[in-house]
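Heads up: the structure comes next, in structure tokens.
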Amino acid sequence: MAKITLINRTDEMVRLALFIAPVLNPNLAAIAWKIVSPPPGGSTTVNIPPDFAVQARYAGDPSRPSELDTTTATVAFAETTAAFSIDSITSEDRQATGAVIHQIFTDLVVNEVRIANRFPIGVEVSILKGGDPIYPPQVVWPGGILMEDVRGSISVAVVSQFATRGQRLVQEEISLSRTEVIDGGTLQVTGSQWTGYALMAL
């Protein structure tokens, strides 16, 4: 498992967001995958899991399709080329129907993760890393497909004290300090809330 180290060279408590910007859906906002706060003068190490997972939420009652009260099991994958289908599954007594995610190995597109919705109602799909979404969850309508390139590098930016994991990041805010970090890399943050912050790779 790769690690990155974040060093706080300021006298303040700073909050750093780790995120991966969507590649195939650039109009999607970036969300905070992780939020960390290295102590003043200290450092924090973040583990970067190598694998991903797919999960979906959907309505247990098809007559209220927007009430996402049911979640599928996650399906893990380690490759950057993968395809999945969300299918219906019926209980043995035929009294209940649910959604299940199947990984498929035909018609793959290199460096693309595809999730096709074959369920009769829309589902909200998340691509996860380390158990947390790396992009905003997307609703995929019946017959629709979600595609993304998950090879994007991890970026780090200083964010407000109120930023939380999974929250949409404000482009104007993160653009001031956004810095990409490689697996095993180290970044340091300098500056202050009065003069602004800067991130630099070491």
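Identifiers in the structure tokens: chain A, B, ... in order shown; residue index from 1 per chain; ligand index from 1 in order shown.
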Contacts of Val109 (chain A) within 10 Å, only C-alpha atoms, excl. fewer than 5 positions in-chain, as a list of chain:residue names: A:Thr80, A:Thr81, A:Ala82, A:Ala83, A:Arg114, A:Met147
Polymer residues at most 9 Å from Glu173 (chain A), only C-alpha atoms, same-chain spacing of 2 or more positions, as a list in words: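 Listed by chain and then number, they are Ala157, Val158, Val159, Ser160, Leu169, Val170, Gln171, Ser175, Leu176, Ser177 and Arg178 of chain A.
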Selected residue of minimal separation from Ala56 (chain A) among A:Asp11, A:Glu124, A:Asp183, A:Glu148, counting only C-alpha atoms: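 Among the listed residues, A:Glu124 lies closest to Ala56 (chain A).
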Selected residue of minimal separation from Gln138 (chain A) among A:Asn111, A:Val156, A:Met13, A:Asn117, counting only C-alpha atoms: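 Of A:Asn111, A:Val156, A:Met13, A:Asn117, the one nearest Gln138 (chain A), counting only C-alpha atoms, is A:Asn117.
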Of the listed residues A:Gly122, A:Gly131, A:Gly196, A:Gly166, that which approaches Leu146 (chain A) most closely, counting only C-alpha atoms: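 So, comparing all the options, the nearest one is A:Gly122.
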Separation of CA of Arg9 (chain A) from CA of Ala163 (chain A) in Å: 20.4 Å
Selection near region 93-108 of chain A, 10 Å with only C-alpha atoms, sequence-local residues under 4 positions removed, as an NGL selection string: :A and (54-62 or 70-77 or 81-89 or 112-121 or 123)
Selected residue, from A:Leu187, A:Pro136, A:Met200, A:Ser66, that lies nearest to Gln167 (chain A) when counting only C-alpha atoms: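 Among the listed residues, the smallest separation from Gln167 (chain A) belongs to A:Pro136.
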Exercise: Ser153 (chain A) partners within 12 Å, only C-alpha atoms, chain neighbours under 3 positions left out, as a VMD selection string: chain A and resid 18 to 23 48 134 149 to 150 156 178 to 183 185
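The gap separating CA of Ile4 (chain A) from CA of Ile31 (chain A) is 18.8 Å, in Å to one decimal.
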Distance criterion (only C-alpha atoms): nearest to Val125 (chain A) out of A:Val189, A:Leu6, A:Ala78, A:Ala53: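 With only C-alpha atoms as the atom set, the closest residue is A:Ala53.
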Strand (DSSP E) call set, DSSP backbone run, region 97-132 of chain A, as a ChimeraX atom specification: /A:97-104,113-117,123-129,132
Selected residue, from A:Phe52, A:Asp69, A:Ala201, A:Leu28, that lies nearest to Thr186 (chain A) when counting only C-alpha atoms: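 Selected residue with least distance to Thr186 (chain A): A:Ala201.
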For CA of Ile154 (chain A) and CA of Trp194 (chain A), the interatomic separation in Å (one decimal): 26.9 Å
Non-local contacts of Val14 (chain A) (12 Å; only C-alpha atoms; under 4 positions in same chain excluded) as a PDB file with C-alpha atoms, in the first residue's frame:
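Heads up, here's the output in result_7.pdb:
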```pdb
ATOM      1  CA  LEU A   6       1.888  15.723   4.589  1.00  0.00           C
ATOM      2  CA  ILE A   7       3.984  18.108   6.672  1.00  0.00           C
ATOM      3  CA  ASN A   8       2.594  21.232   8.350  1.00  0.00           C
ATOM      4  CA  ARG A   9       5.273  23.949   8.422  1.00  0.00           C
ATOM      5  CA  THR A  10       2.813  26.543   9.740  1.00  0.00           C
ATOM      6  CA  ILE A  35      -9.543  15.371   5.041  1.00  0.00           C
ATOM      7  CA  VAL A  36      -6.421  15.450   7.213  1.00  0.00           C
ATOM      8  CA  SER A  37      -5.045  17.958   9.708  1.00  0.00           C
ATOM      9  CA  PRO A  38      -1.315  17.587  10.378  1.00  0.00           C
ATOM     10  CA  PRO A  39      -0.500  19.326  13.685  1.00  0.00           C
ATOM     11  CA  PRO A  40       1.477  22.599  13.595  1.00  0.00           C
ATOM     12  CA  GLY A  41       5.110  21.657  13.012  1.00  0.00           C
ATOM     13  CA  GLY A  42       4.133  17.989  12.597  1.00  0.00           C
ATOM     14  CA  SER A  43       3.169  15.550   9.892  1.00  0.00           C
ATOM     15  CA  THR A  44       0.521  13.009   8.942  1.00  0.00           C
ATOM     16  CA  ALA A 157      -5.261  21.450  -1.370  1.00  0.00           C
ATOM     17  CA  VAL A 158      -5.751  23.581   1.728  1.00  0.00           C
ATOM     18  CA  VAL A 159      -9.453  23.901   2.532  1.00  0.00           C
ATOM     19  CA  SER A 160     -11.568  25.719   5.091  1.00  0.00           C
ATOM     20  CA  GLN A 161     -11.863  24.557   8.692  1.00  0.00           C
ATOM     21  CA  PHE A 162     -15.412  23.433   7.963  1.00  0.00           C
ATOM     22  CA  ALA A 163     -14.626  21.136   5.021  1.00  0.00           C
ATOM     23  CA  GLN A 188       4.699  20.457   2.924  1.00  0.00           C
ATOM     24  CA  VAL A 189       2.309  23.332   3.585  1.00  0.00           C
ATOM     25  CA  THR A 190       3.644  26.781   4.473  1.00  0.00           C
ATOM     26  CA  GLY A 191       2.116  30.214   5.016  1.00  0.00           C
ATOM     27  CA  SER A 192      -0.757  31.379   7.195  1.00  0.00           C
ATOM     28  CA  GLN A 193      -4.412  32.324   7.002  1.00  0.00           C
ATOM     29  CA  GLY A 196      -2.208  32.524   2.160  1.00  0.00           C
ATOM     30  CA  TYR A 197      -0.950  28.951   1.972  1.00  0.00           C
ATOM     31  CA  ALA A 198       1.359  27.131  -0.388  1.00  0.00           C
ATOM     32  CA  LEU A 199       1.970  23.409  -0.914  1.00  0.00           C
TER      33      LEU A 199
END
```
